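What follows is the content of final28.cif (mmCIF, C-alpha atoms).
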data_query
#
loop_
_atom_site.label_atom_id
_atom_site.label_comp_id
_atom_site.auth_asym_id
_atom_site.auth_seq_id
_atom_site.Cartn_x
_atom_site.Cartn_y
_atom_site.Cartn_z
CA MET Q 13 0.00 0.00 0.00
CA GLY Q 14 2.73 2.42 1.06
CA ALA Q 15 4.82 1.70 -2.03
CA ALA Q 16 1.82 2.14 -4.32
CA ALA Q 17 0.97 5.47 -2.70
CA ALA Q 18 4.57 6.65 -3.05
CA ARG Q 19 4.51 5.64 -6.71
CA LYS Q 20 1.34 7.61 -7.19
CA THR Q 21 2.86 10.79 -5.69
CA GLN Q 22 5.92 10.26 -7.86
CA GLU Q 23 3.77 10.10 -10.96
CA ALA Q 24 1.78 13.14 -9.88
CA ASP Q 25 5.07 14.98 -9.32
CA TYR Q 26 6.27 14.03 -12.76
CA VAL Q 27 3.07 15.25 -14.40
CA ARG Q 28 3.34 18.52 -12.50
CA ASP Q 29 7.00 18.91 -13.58
CA LEU Q 30 6.04 18.21 -17.16
CA GLY Q 31 3.26 20.78 -17.00
CA ARG Q 32 5.76 23.26 -15.65
CA ALA Q 33 8.18 22.47 -18.49
CA PHE Q 34 5.48 23.17 -21.08
CA GLY Q 35 4.50 26.34 -19.23
CA GLY Q 36 8.09 27.55 -19.26
CA ALA Q 37 8.50 26.66 -22.92
CA LEU Q 38 5.40 28.68 -23.78
CA LEU Q 39 6.35 31.61 -21.58
CA PHE Q 40 9.73 32.02 -23.19
CA SER Q 41 9.16 31.01 -26.78
CA LEU Q 42 5.80 32.59 -27.55
CA PRO Q 43 7.35 35.94 -28.59
CA LEU Q 44 9.70 34.05 -30.93
CA LEU Q 45 6.92 31.81 -32.26
CA MET Q 46 5.05 34.98 -33.17
CA THR Q 47 8.02 36.62 -34.89
CA MET Q 48 8.02 36.61 -38.67
CA GLU Q 49 11.81 36.51 -39.05
CA MET Q 50 11.91 33.23 -37.12
CA TRP Q 51 9.51 31.61 -39.57
CA ALA Q 52 11.64 32.70 -42.53
CA LEU Q 53 14.89 31.66 -40.82
CA GLY Q 54 13.64 28.09 -40.71
CA HIS Q 55 14.57 27.82 -44.36
CA ALA Q 56 16.78 30.90 -44.86
CA ALA Q 57 19.47 29.85 -42.35
CA THR Q 58 21.77 27.22 -43.84
CA PRO Q 59 21.23 23.63 -42.61
CA GLU Q 60 24.78 23.43 -41.19
CA ARG Q 61 24.15 26.48 -39.03
CA ARG Q 62 20.81 25.19 -37.84
CA LEU Q 63 22.48 21.93 -36.89
CA ALA Q 64 25.36 23.77 -35.20
CA PHE Q 65 22.80 25.85 -33.30
CA ILE Q 66 21.17 22.73 -31.85
CA VAL Q 67 24.48 20.95 -31.13
CA ILE Q 68 26.00 23.99 -29.41
CA SER Q 69 22.84 24.59 -27.44
CA LEU Q 70 22.90 21.08 -25.93
CA PRO Q 71 25.67 21.74 -23.36
CA VAL Q 72 23.99 25.05 -22.48
CA LEU Q 73 20.68 23.28 -21.94
CA PHE Q 74 22.43 20.58 -19.92
CA GLY Q 75 24.08 23.22 -17.75
CA LEU Q 76 20.73 24.89 -17.21
CA ALA Q 77 19.22 21.53 -16.25
CA HIS Q 78 21.92 21.36 -13.58
CA TYR Q 79 21.41 24.86 -12.17
CA ALA Q 80 17.69 25.29 -12.71
CA GLY Q 81 15.72 22.52 -14.44
CA PHE Q 82 12.01 21.92 -14.13
CA SER Q 83 12.13 19.06 -11.65
CA ALA Q 84 13.68 18.76 -8.21
CA ARG Q 85 15.61 15.63 -9.18
CA ARG Q 86 19.38 16.04 -9.55
CA GLY Q 87 22.35 14.06 -10.77
CA ALA Q 88 23.94 13.71 -14.20
CA LEU Q 89 21.44 11.15 -15.49
CA ASN Q 90 18.45 13.15 -14.30
CA ASN Q 91 19.92 16.34 -15.78
CA LEU Q 92 20.34 14.54 -19.10
CA LEU Q 93 16.76 13.25 -18.93
CA ASP Q 94 15.56 16.77 -18.04
CA THR Q 95 17.48 18.19 -21.01
CA LEU Q 96 15.96 15.69 -23.43
CA THR Q 97 12.47 16.10 -21.96
CA ALA Q 98 12.84 19.89 -22.27
CA LEU Q 99 13.86 19.51 -25.91
CA ALA Q 100 10.89 17.24 -26.53
CA ALA Q 101 8.59 19.76 -24.84
CA GLY Q 102 10.21 22.44 -27.02
CA PHE Q 103 9.58 20.48 -30.22
CA VAL Q 104 5.97 19.76 -29.28
CA THR Q 105 5.28 23.36 -28.25
CA ALA Q 106 6.94 24.88 -31.31
CA GLY Q 107 5.51 22.38 -33.77
CA GLY Q 108 2.01 22.51 -32.33
CA LEU Q 109 1.76 26.28 -32.20
CA LEU Q 110 3.37 26.90 -35.60
CA ALA Q 111 0.90 24.41 -37.10
CA LEU Q 112 -1.97 26.06 -35.23
CA PHE Q 113 -0.96 29.50 -36.50
CA ASN Q 114 -0.74 27.97 -39.99
CA VAL Q 115 2.69 29.50 -40.57
CA LEU Q 116 4.51 26.19 -41.07
CA ASP Q 117 6.05 26.08 -44.52
CA ARG Q 118 4.48 22.88 -45.80
CA SER Q 119 6.03 23.18 -49.27
CA SER Q 120 8.95 21.00 -48.22
CA LEU Q 121 9.63 18.77 -45.26
CA ALA Q 122 13.10 20.25 -44.81
CA SER Q 123 11.88 23.80 -44.24
CA ALA Q 124 9.06 22.76 -41.91
CA VAL Q 125 11.50 20.71 -39.82
CA GLY Q 126 13.95 23.63 -39.95
CA GLN Q 127 11.33 26.02 -38.66
CA VAL Q 128 10.35 23.77 -35.78
CA SER Q 129 13.90 22.82 -34.77
CA LEU Q 130 15.03 26.45 -34.73
CA GLN Q 131 12.16 27.31 -32.37
CA ALA Q 132 12.47 24.18 -30.23
CA VAL Q 133 15.80 25.23 -28.72
CA PRO Q 134 14.58 28.52 -27.18
CA ALA Q 135 11.42 26.71 -26.04
CA ALA Q 136 13.59 24.07 -24.32
CA LEU Q 137 15.56 26.88 -22.68
CA GLY Q 138 12.29 28.25 -21.33
CA ALA Q 139 11.25 24.80 -20.11
CA LEU Q 140 14.50 24.40 -18.17
CA VAL Q 141 14.16 27.63 -16.24
CA ALA Q 142 10.49 26.94 -15.53
CA ARG Q 143 11.01 25.81 -11.95
CA ARG Q 144 12.60 29.11 -11.10
CA GLN Q 145 9.88 31.16 -12.73
CA LEU Q 146 6.74 29.13 -12.21
CA SER Q 147 7.20 27.38 -8.87
CA ASN Q 148 5.80 29.21 -5.89
CA GLY Q 149 8.76 30.64 -4.09
CA ALA Q 150 10.69 27.55 -3.07
CA GLY Q 151 14.10 28.53 -4.41
CA GLU Q 152 15.56 25.07 -4.28
CA GLY Q 153 17.93 25.63 -7.20
CA ASP Q 154 21.61 24.86 -7.08
CA GLU Q 155 22.61 28.33 -8.19
CA ASP Q 156 23.05 29.45 -4.59
CA GLN Q 157 26.03 27.15 -4.37
CA ALA Q 158 27.29 27.94 -7.86
CA SER Q 159 31.05 28.05 -8.24
CA TYR Q 160 32.80 30.89 -10.08
CA PRO Q 161 32.55 29.17 -13.52
CA GLY Q 162 28.96 28.34 -12.54
CA GLU Q 163 28.21 32.02 -11.93
CA LEU Q 164 29.68 32.89 -15.32
CA PHE Q 165 27.61 30.14 -16.93
CA LEU Q 166 24.47 31.57 -15.34
CA MET Q 167 25.38 34.98 -16.77
CA LEU Q 168 25.73 33.40 -20.22
CA ALA Q 169 22.37 31.67 -19.82
CA GLY Q 170 20.75 34.94 -18.75
CA ALA Q 171 22.28 36.70 -21.74
CA LEU Q 172 20.94 34.05 -24.14
CA TYR Q 173 17.56 33.99 -22.42
CA PHE Q 174 16.99 37.71 -22.75
CA ALA Q 175 18.72 38.50 -26.07
CA MET Q 176 17.35 35.53 -28.01
CA ASN Q 177 13.94 37.17 -28.25
CA VAL Q 178 15.22 40.18 -30.16
CA ALA Q 179 18.19 38.59 -31.98
CA PRO Q 180 16.32 37.46 -35.11
CA THR Q 181 14.43 40.70 -35.70
CA GLU Q 182 15.37 43.14 -38.42
CA GLU Q 183 15.19 45.99 -35.92
CA MET Q 184 18.52 44.84 -34.45
CA ARG Q 185 20.26 45.25 -37.82
CA LEU Q 186 18.55 48.56 -38.46
CA ILE Q 187 19.69 49.95 -35.10
CA ALA Q 188 23.23 48.76 -35.80
CA TYR Q 189 23.24 50.44 -39.23
CA ARG Q 190 21.69 53.66 -37.99
CA ALA Q 191 23.89 53.95 -34.91
CA THR Q 192 26.96 56.13 -35.39
CA PRO Q 193 30.29 54.64 -34.22
CA MET Q 194 30.06 57.03 -31.27
CA GLY Q 195 26.56 55.74 -30.54
CA ALA Q 196 27.72 52.12 -30.67
CA LEU Q 197 30.56 52.96 -28.28
CA GLY Q 198 28.01 54.61 -26.00
CA VAL Q 199 25.85 51.48 -26.06
CA LEU Q 200 28.95 49.41 -25.19
CA LEU Q 201 29.84 51.65 -22.23
CA LEU Q 202 26.22 51.71 -21.04
CA SER Q 203 26.04 47.89 -21.27
CA VAL Q 204 29.18 47.45 -19.17
CA LEU Q 205 28.07 50.08 -16.65
CA LEU Q 206 24.56 48.66 -16.21
CA LEU Q 207 25.91 45.10 -16.08
CA HIS Q 208 28.24 46.12 -13.29
CA LEU Q 209 25.62 48.09 -11.37
CA ILE Q 210 22.99 45.35 -11.52
CA VAL Q 211 25.46 42.55 -10.74
CA PHE Q 212 26.89 44.47 -7.83
CA GLU Q 213 23.61 45.78 -6.50
CA ALA Q 214 21.67 42.54 -6.95
CA GLY Q 215 24.73 40.73 -5.61
CA PHE Q 216 26.01 37.31 -6.45
CA ALA Q 217 25.98 34.93 -3.48
CA GLY Q 218 27.85 36.42 -0.54
CA GLN Q 219 30.02 38.44 -2.81
CA GLU Q 220 29.09 42.00 -1.87
CA ASP Q 221 30.63 41.94 1.60
CA LYS Q 222 33.82 40.24 0.47
CA GLU Q 223 34.57 41.94 -2.78
CA SER Q 224 35.27 45.53 -3.60
CA PRO Q 225 33.44 47.03 -6.62
CA LEU Q 226 36.73 46.99 -8.57
CA ARG Q 227 37.28 43.32 -7.79
CA ALA Q 228 33.71 42.49 -8.87
CA PHE Q 229 34.27 44.52 -12.04
CA ILE Q 230 37.29 42.42 -12.96
CA ASP Q 231 35.84 39.11 -11.76
CA PHE Q 232 32.29 39.37 -13.07
CA THR Q 233 31.56 42.42 -15.19
CA LEU Q 234 34.37 42.15 -17.76
CA PRO Q 235 34.19 38.35 -18.32
CA GLY Q 236 30.41 38.63 -18.22
CA TYR Q 237 30.39 41.24 -20.95
CA ALA Q 238 32.86 39.20 -23.01
CA LEU Q 239 30.41 36.27 -22.75
CA CYS Q 240 27.62 38.61 -23.92
CA LEU Q 241 29.71 39.52 -26.98
CA ILE Q 242 30.32 35.83 -27.72
CA ALA Q 243 26.64 34.98 -27.22
CA SER Q 244 25.43 37.74 -29.52
CA PHE Q 245 28.02 36.88 -32.15
CA ALA Q 246 26.91 33.23 -32.04
CA MET Q 247 23.21 34.11 -32.32
CA LEU Q 248 23.74 36.58 -35.17
CA TRP Q 249 25.95 34.08 -36.99
CA THR Q 250 23.30 31.37 -36.70
CA PHE Q 251 20.66 33.69 -38.07
CA GLY Q 252 22.99 34.68 -40.94
CA ALA Q 253 22.88 38.31 -39.84
CA LEU Q 254 26.65 38.75 -40.07
CA ASP Q 255 27.14 37.45 -43.60
CA GLY Q 256 28.89 39.84 -45.95
CA HIS Q 257 29.64 42.38 -43.26
CA GLY Q 258 32.74 44.51 -42.90
CA LEU Q 259 34.56 44.54 -39.57
CA GLN Q 260 32.99 47.78 -38.37
CA SER Q 261 29.35 46.94 -39.18
CA LEU Q 262 29.94 43.46 -37.72
CA ALA Q 263 31.19 45.02 -34.48
CA ALA Q 264 28.20 47.40 -34.41
CA ASN Q 265 25.73 44.52 -34.87
CA VAL Q 266 27.35 42.46 -32.10
CA VAL Q 267 27.53 45.41 -29.68
CA ILE Q 268 23.87 46.36 -30.22
CA LEU Q 269 22.67 42.82 -29.48
CA ALA Q 270 25.10 42.57 -26.56
CA PHE Q 271 23.13 45.34 -24.84
CA PRO Q 272 20.01 43.24 -24.12
CA ALA Q 273 22.39 40.31 -23.54
CA ALA Q 274 24.21 42.28 -20.84
CA ILE Q 275 20.95 43.20 -19.11
CA GLY Q 276 19.94 39.52 -19.23
CA ALA Q 277 23.32 38.43 -17.88
CA ALA Q 278 23.11 40.95 -15.07
CA ALA Q 279 19.61 39.85 -14.13
CA ALA Q 280 20.50 36.15 -14.50
CA ARG Q 281 19.63 35.63 -10.85
CA LEU Q 282 16.10 36.84 -11.45
CA LEU Q 283 15.65 35.13 -14.80
CA VAL Q 284 17.16 31.68 -14.37
CA MET K 19 38.07 40.78 -27.14
CA ILE K 20 36.29 43.73 -25.54
CA LEU K 21 39.34 45.83 -26.37
CA ALA K 22 39.22 44.69 -30.01
CA VAL K 23 35.57 45.77 -30.29
CA VAL K 24 36.31 49.09 -28.58
CA GLY K 25 39.29 49.52 -30.91
CA ILE K 26 37.27 48.91 -34.07
CA LEU K 27 34.53 51.31 -32.98
CA SER K 28 36.98 53.97 -31.75
CA ARG K 29 38.81 53.91 -35.05
CA ALA K 30 35.49 54.49 -36.79
CA VAL K 31 34.82 57.47 -34.51
CA VAL K 32 38.13 59.11 -35.42
CA VAL K 33 38.07 58.36 -39.14
CA GLU K 34 35.50 60.33 -41.12
CA ALA K 35 32.73 58.05 -42.38
CA ARG K 36 32.47 57.82 -46.17
CA PRO K 37 28.99 57.46 -47.71
CA PRO K 38 28.01 54.18 -49.42
CA ASP K 39 29.95 53.50 -52.62
CA LEU K 40 28.46 50.53 -54.45
CA ILE K 41 29.66 48.46 -57.37
CA VAL K 42 28.12 45.35 -58.93
CA GLN K 43 30.25 42.40 -59.97
CA ALA K 44 29.03 39.54 -62.13
CA GLU K 45 29.83 36.22 -60.47
CA SER K 46 28.46 33.45 -62.67
CA VAL K 47 25.81 32.66 -65.26
CA ARG K 48 23.85 29.45 -65.07
CA ARG K 49 20.95 27.83 -66.90
CA ALA K 50 17.77 27.63 -64.82
CA SER K 51 14.17 26.69 -65.54
CA GLY K 52 13.18 30.34 -65.98
CA GLY K 53 15.97 31.11 -68.46
CA TRP K 54 19.42 32.33 -67.46
CA VAL K 55 20.32 33.32 -63.93
CA LEU K 56 23.13 35.80 -63.48
CA ASP K 57 24.51 35.81 -59.94
CA VAL K 58 25.91 39.17 -58.94
CA THR K 59 27.60 40.57 -55.86
CA VAL K 60 27.10 44.13 -54.71
CA VAL K 61 30.15 45.45 -52.88
CA ASN K 62 30.00 48.51 -50.65
CA ARG K 63 33.34 50.31 -50.46
CA GLY K 64 31.98 53.08 -48.25
CA ASP K 65 31.70 53.11 -44.45
CA LEU K 66 27.94 53.69 -44.22
CA THR K 67 25.24 51.12 -44.93
CA ALA K 68 23.00 51.37 -48.01
CA ALA K 69 19.40 50.17 -47.77
CA ALA K 70 16.91 49.16 -50.50
CA VAL K 71 19.68 48.81 -53.07
CA GLU K 72 18.34 48.37 -56.61
CA VAL K 73 20.44 46.52 -59.15
CA GLU K 74 19.78 46.50 -62.90
CA GLY K 75 21.24 44.37 -65.64
CA VAL K 76 20.69 45.06 -69.34
CA SER K 77 21.39 42.33 -71.89
CA GLY K 78 20.32 43.10 -75.43
CA ASP K 79 16.80 44.49 -75.19
CA GLU K 80 16.04 42.71 -71.93
CA THR K 81 16.31 44.37 -68.51
CA ALA K 82 16.37 42.51 -65.18
CA HIS K 83 16.05 43.98 -61.67
CA ALA K 84 16.86 42.89 -58.16
CA THR K 85 16.57 44.65 -54.79
CA LEU K 86 18.73 44.09 -51.73
CA ASP K 87 17.50 45.05 -48.24
CA TYR K 88 20.89 46.15 -46.93
CA VAL K 89 24.47 46.31 -48.10
CA PRO K 90 26.51 47.12 -44.97
CA GLY K 91 29.60 49.32 -45.03
CA HIS K 92 32.64 47.40 -46.32
CA GLY K 93 30.33 44.46 -46.84
CA ARG K 94 29.06 42.43 -49.78
CA LYS K 95 25.67 40.94 -50.56
CA ALA K 96 24.56 38.58 -53.32
CA ALA K 97 21.64 38.98 -55.71
CA ALA K 98 20.41 37.20 -58.84
CA LEU K 99 19.19 38.65 -62.15
CA VAL K 100 17.02 36.52 -64.41
CA PHE K 101 17.01 36.75 -68.22
CA SER K 102 14.50 34.81 -70.26
CA GLY K 103 16.20 34.88 -73.68
CA ASP K 104 17.71 31.83 -75.34
CA GLU K 105 21.16 33.31 -75.64
CA ARG K 106 23.58 33.42 -72.80
CA PRO K 107 23.21 36.98 -71.40
CA ASN K 108 26.11 39.41 -71.50
CA ALA K 109 24.68 42.02 -69.17
CA ALA K 110 25.74 45.57 -68.46
CA LEU K 111 25.31 45.92 -64.71
CA ARG K 112 24.65 48.99 -62.63
CA VAL K 113 23.23 50.08 -59.29
CA LEU K 114 20.15 52.25 -59.81
CA GLY K 115 20.06 53.75 -56.36
CA TRP K 116 19.66 53.21 -52.63
CA SER K 117 18.36 54.89 -49.49
CA SER K 118 19.71 55.45 -46.00
CA PRO K 119 18.69 52.75 -43.55
#

How does this structure look as C-alpha cells?
Amino acid sequence: MGAAAARKTQEADYVRDLGRAFGGALLFSLPLLMTMEMWALGHAATPERRLAFIVISLPVLFGLAHYAGFSARRGALNNLLDTLTALAAGFVTAGGLLALFNVLDRSSLASAVGQVSLQAVPAALGALVARRQLSNGAGEGDEDQASYPGELFLMLAGALYFAMNVAPTEEMRLIAYRATPMGALGVLLLSVLLLHLIVFEAGFAGQEDKESPLRAFIDFTLPGYALCLIASFAMLWTFGALDGHGLQSLAANVVILAFPAAIGAAAARLLV
Amino acid sequence: MILAVVGILSRAVVVEARPPDLIVQAESVRRASGGWVLDVTVVNRGDLTAAAVEVEGVSGDETAHATLDYVPGHGRKAAALVFSGDERPNAALRVLGWSSP
C-alpha cells in the first residue's frame, strides 16, 4: 500500500514537472513563435548552421538543467533526462503552435523541420528555467552554491535567455546600421556600466561583503560582458545576420545585441 | 576581445565616415528553368550602410532587376538577375540607387 501510494505521488510529481516544463517553454518562446523573421529563418538559415545551433545549445541546456531545471531531481542522469524532456517539450510546443498559427512552410519537409527545430531550442531553454519562474517561491535551485565558472555560466544563460527574443528581428540590424560609431561605443559603455551596477547591486551569493566594486568589475563584469559579446556573435551568426559584413558593421551589430544580452546576464539571478 | 571591439569602434569614430559606394560584380551565369540566372555581388566600399539597393542588368533588349535590403559598409551581398532569352546573357550591370537605412 505504502509503495503504491509513493509511486502515485511520484507520478503526480512528474506530471506537475512536465506541466511546468510546457509552461516555461510557452512563456519564453511565444514571442519568438510569433516573430516573422523566425519563420523565414527556418529555411533561410543554412542547414549546417541550424544543426550547429542545436548541437552547441545542448551543453547550455544541460548546464541549465543542472542549475535550474524543471524538476527537483538532480544528478547527471536526471539532468540529461531533463534536457531531453525539455527539448521534446520544445519540439511539441513549437511544432504545435506553428501548425496552429498555420505558418509552417508545408512546401517542403526540410523547411518545416527547420522552422520547428530552430524554435524548439529557445522553447527548451524556457522549459528548463520553468522551476525558477513558475514554482511558488521555493528557491531550491543549485545556483546558490554555484562556483565561479557556474556564476559565469548563469550569466551566459541569462544573456541568451533575454537577447534571443530580439536577436532574429530586423530591428537589431537597423539599429546597428543607424547607430553612429560614437553611438555604438556609447551602447557598449552603457552595457558594461549597467551590467556592473545590476550585478553588484543585486549581488552574487555572498560576494558584496567580500569583494570591492573593482574586484567584482574584474571578476564578473568584464568576463560577463565578453560572454555577452560571444553569445550575440553566435546568435547573429546562426541567423545569418553577419554574412557579408565589414569589420565595423559586424562590431556594431554584435555590440547592439550585446546590450540586451548584458541586461539579461546581469539579471541572470532573477531570470534563471 | 572587448578591447578589439572598442578599438574597431573607436577607429570608426576618429576616421571620417564615407557614404556608401556601391559596385556590382558579375559572379556566374547558369541555366535555370526560368531562363538564365546571373549571380551578382554588390560590394559597398563606403563606411555607411545602403538600404533598398536596386540593381539592374541590361542584356540586349532585356532588362532585369533585383533589390537588396541592406548592403553594410565594407560588406558584400549577393543577388540574382534573371534573363529569359535563349542566348547566354552578357549584361551591363549597374546600381540604380539606394536609401539610407

**Request:** Please measure the separation of CA of Val72 (chain Q) and CA of Asn177 (chain Q), giving the value in Å to one decimal.
**Result:** 16.8 Å

**Item:** For Leu45 (chain Q): contacts at 12 Å, only C-alpha atoms, fewer than 4 positions along chain excluded, given as number ranges by chain
**Value:** Q: 37-41, 49-54, 102-103, 105-116, 127-135, 176-178, 180

**Request:** Residues of chain Q no more than 9 Å from chain K, counting all atoms listed in the file: send them over as a list in words.
**Result:**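 In the required form, that comes to Leu186, Ile187, Tyr189, Arg190, Thr192, Pro193, Met194, Ala196, Leu197, Leu200, Leu234, Tyr237, Ala238, Leu241, Asp255, Gly256, His257, Gly258, Leu259, Gln260, Ser261, Leu262, Ala263, Ala264 and Val267 of chain Q.
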
Since we have the selection now, will you write its residues out, keeping C-alpha atoms, as a short mmCIF file (atom, residue, chain, number, x, y, z; two decimals), keeping the file's coordinate frame?
data_model
loop_
_atom_site.label_atom_id
_atom_site.label_comp_id
_atom_site.auth_asym_id
_atom_site.auth_seq_id
_atom_site.Cartn_x
_atom_site.Cartn_y
_atom_site.Cartn_z
CA LEU Q 186 18.55 48.56 -38.46
CA ILE Q 187 19.69 49.95 -35.10
CA TYR Q 189 23.24 50.44 -39.23
CA ARG Q 190 21.69 53.66 -37.99
CA THR Q 192 26.96 56.13 -35.39
CA PRO Q 193 30.29 54.64 -34.22
CA MET Q 194 30.06 57.03 -31.27
CA ALA Q 196 27.72 52.12 -30.67
CA LEU Q 197 30.56 52.96 -28.28
CA LEU Q 200 28.95 49.41 -25.19
CA LEU Q 234 34.37 42.15 -17.76
CA TYR Q 237 30.39 41.24 -20.95
CA ALA Q 238 32.86 39.20 -23.01
CA LEU Q 241 29.71 39.52 -26.98
CA ASP Q 255 27.14 37.45 -43.60
CA GLY Q 256 28.89 39.84 -45.95
CA HIS Q 257 29.64 42.38 -43.26
CA GLY Q 258 32.74 44.51 -42.90
CA LEU Q 259 34.56 44.54 -39.57
CA GLN Q 260 32.99 47.78 -38.37
CA SER Q 261 29.35 46.94 -39.18
CA LEU Q 262 29.94 43.46 -37.72
CA ALA Q 263 31.19 45.02 -34.48
CA ALA Q 264 28.20 47.40 -34.41
CA VAL Q 267 27.53 45.41 -29.68
#

**Item:** Length of the CA of Gly81 (chain Q) to CA of Ala57 (chain Q) vector [Å]
**Value:** 29.1 Å

**Request:** Between K:Trp54, K:Gly103, K:Arg49, K:Asn108, single out the one closest to Val76 (chain K), counting all atoms listed in the file.
**Result:** K:Asn108

**d(CA of Leu205 (chain Q), CA of Gly236 (chain Q)) in Å** =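 Result for CA of Leu205 (chain Q) versus CA of Gly236 (chain Q): 11.8 Å, one decimal.
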
**Request:** Just give me the residues with any atom within 12 Å of (33.9, 42.4, -17.6), file coordinates, counting only C-alpha atoms, written as a ChimeraX atom specification.
**Result:** /Q:164,167,200-201,203-209,211,225-241,274,277-278 /K:19-21

Expected file contents, prior selection, C-alpha atoms, as an mmCIF file, in the coordinates of the input:
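Now in result.cif:
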data_model
loop_
_atom_site.group_PDB
_atom_site.id
_atom_site.type_symbol
_atom_site.label_atom_id
_atom_site.label_comp_id
_atom_site.auth_asym_id
_atom_site.auth_seq_id
_atom_site.Cartn_x
_atom_site.Cartn_y
_atom_site.Cartn_z
ATOM 1 C CA LEU Q 164 29.680 32.890 -15.320
ATOM 2 C CA MET Q 167 25.380 34.980 -16.770
ATOM 3 C CA LEU Q 200 28.950 49.410 -25.190
ATOM 4 C CA LEU Q 201 29.840 51.650 -22.230
ATOM 5 C CA SER Q 203 26.040 47.890 -21.270
ATOM 6 C CA VAL Q 204 29.180 47.450 -19.170
ATOM 7 C CA LEU Q 205 28.070 50.080 -16.650
ATOM 8 C CA LEU Q 206 24.560 48.660 -16.210
ATOM 9 C CA LEU Q 207 25.910 45.100 -16.080
ATOM 10 C CA HIS Q 208 28.240 46.120 -13.290
ATOM 11 C CA LEU Q 209 25.620 48.090 -11.370
ATOM 12 C CA VAL Q 211 25.460 42.550 -10.740
ATOM 13 C CA PRO Q 225 33.440 47.030 -6.620
ATOM 14 C CA LEU Q 226 36.730 46.990 -8.570
ATOM 15 C CA ARG Q 227 37.280 43.320 -7.790
ATOM 16 C CA ALA Q 228 33.710 42.490 -8.870
ATOM 17 C CA PHE Q 229 34.270 44.520 -12.040
ATOM 18 C CA ILE Q 230 37.290 42.420 -12.960
ATOM 19 C CA ASP Q 231 35.840 39.110 -11.760
ATOM 20 C CA PHE Q 232 32.290 39.370 -13.070
ATOM 21 C CA THR Q 233 31.560 42.420 -15.190
ATOM 22 C CA LEU Q 234 34.370 42.150 -17.760
ATOM 23 C CA PRO Q 235 34.190 38.350 -18.320
ATOM 24 C CA GLY Q 236 30.410 38.630 -18.220
ATOM 25 C CA TYR Q 237 30.390 41.240 -20.950
ATOM 26 C CA ALA Q 238 32.860 39.200 -23.010
ATOM 27 C CA LEU Q 239 30.410 36.270 -22.750
ATOM 28 C CA CYS Q 240 27.620 38.610 -23.920
ATOM 29 C CA LEU Q 241 29.710 39.520 -26.980
ATOM 30 C CA ALA Q 274 24.210 42.280 -20.840
ATOM 31 C CA ALA Q 277 23.320 38.430 -17.880
ATOM 32 C CA ALA Q 278 23.110 40.950 -15.070
ATOM 33 C CA MET K 19 38.070 40.780 -27.140
ATOM 34 C CA ILE K 20 36.290 43.730 -25.540
ATOM 35 C CA LEU K 21 39.340 45.830 -26.370
#

**Contacts of Ala110 (chain K) at 12 Å (only C-alpha atoms; same-chain gap of 2+ positions) as a VMD selection string** = chain K and resid 42 to 44 56 58 73 to 83 99 107 to 108 112 to 113

**Message:** Using all atoms listed in the file, can you tell me which of Q:Arg19, Q:Ser123, Q:Leu99, Q:Tyr160 comes closest to Val67 (chain Q)?
**Reply:**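 Smallest separation from Val67 (chain Q) among the options: Q:Leu99.
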
**Test item: residues at most 6 Å from Gly276 (chain Q), all atoms listed in the file, excluding those fewer than 5 positions along its chain, as number ranges by chain** = Q: 170-171, 174

**Asked** Which residue out of K:Ala97, K:Gly64, K:Arg106, K:Leu86 has the minimum interatomic distance to Val47 (chain K) when all atoms listed in the file are used?
**Response**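 Under the stated criterion, the closest residue is K:Arg106.
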
**Request:** Apply the PyMOL selection byres ((chain K and resi 102) around 7) to the displayed file and report the matching residues as an MDAnalysis selection string.
**Result:** chainID K and resid 52:54 100:101 103:104

Around (23.8, 46.8, -25.1) in the file's own coordinates, what residues are found within 6 Å if you use all atoms listed in the file, given back as an mmCIF file with C-alpha atoms, keeping the file's coordinate frame?
data_model
loop_
_atom_site.group_PDB
_atom_site.id
_atom_site.type_symbol
_atom_site.label_atom_id
_atom_site.label_comp_id
_atom_site.auth_asym_id
_atom_site.auth_seq_id
_atom_site.Cartn_x
_atom_site.Cartn_y
_atom_site.Cartn_z
ATOM 1 C CA VAL Q 199 25.850 51.480 -26.060
ATOM 2 C CA LEU Q 200 28.950 49.410 -25.190
ATOM 3 C CA SER Q 203 26.040 47.890 -21.270
ATOM 4 C CA ILE Q 268 23.870 46.360 -30.220
ATOM 5 C CA ALA Q 270 25.100 42.570 -26.560
ATOM 6 C CA PHE Q 271 23.130 45.340 -24.840
ATOM 7 C CA PRO Q 272 20.010 43.240 -24.120
#

**Message:** Neighbouring residues of Leu76 (chain Q) were defined as those with any atom within 8 Å, considering all atoms listed in the file; residues of the same chain fewer than 4 positions away were excluded. Please report them as a list of chain:residue names.
**Reply:**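 Once the adjacent positions are removed, what remains is Q:Val72, Q:Ala80, Q:Gly81, Q:Leu137, Q:Leu140, Q:Val141, Q:Leu166, Q:Ala169.
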
**Asked** Which residue gives the smallest distance to Leu30 (chain Q) among Q:Asn91, Q:Thr250, Q:Thr181, Q:Ser83, with all atoms listed in the file counted?
**Response**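 Distance minimum relative to Leu30 (chain Q) lands on Q:Ser83.
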
**Asked** the PyMOL selection byres ((chain Q and resi 65) around 9) on the file shown: which residues, as a list of chain:residue names?
**Response**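 Taken on the displayed file, the PyMOL selection byres ((chain Q and resi 65) around 9) yields the residues Q:Glu60, Q:Arg61, Q:Arg62, Q:Leu63, Q:Ala64, Q:Ile66, Q:Val67, Q:Ile68, Q:Ser69, Q:Leu70, Q:Leu130, Q:Val133, Q:Ala246, Q:Met247, Q:Thr250.
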
What does the file look like for those residues with C-alpha atoms, as a compact mmCIF listing (two decimals), in the coordinates of the input?
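Saved as out_3.txt:
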# COMPACT_ATOMS: atom_id res chain seq x y z
CA GLU Q 60 24.78 23.43 -41.19
CA ARG Q 61 24.15 26.48 -39.03
CA ARG Q 62 20.81 25.19 -37.84
CA LEU Q 63 22.48 21.93 -36.89
CA ALA Q 64 25.36 23.77 -35.20
CA ILE Q 66 21.17 22.73 -31.85
CA VAL Q 67 24.48 20.95 -31.13
CA ILE Q 68 26.00 23.99 -29.41
CA SER Q 69 22.84 24.59 -27.44
CA LEU Q 70 22.90 21.08 -25.93
CA LEU Q 130 15.03 26.45 -34.73
CA VAL Q 133 15.80 25.23 -28.72
CA ALA Q 246 26.91 33.23 -32.04
CA MET Q 247 23.21 34.11 -32.32
CA THR Q 250 23.30 31.37 -36.70
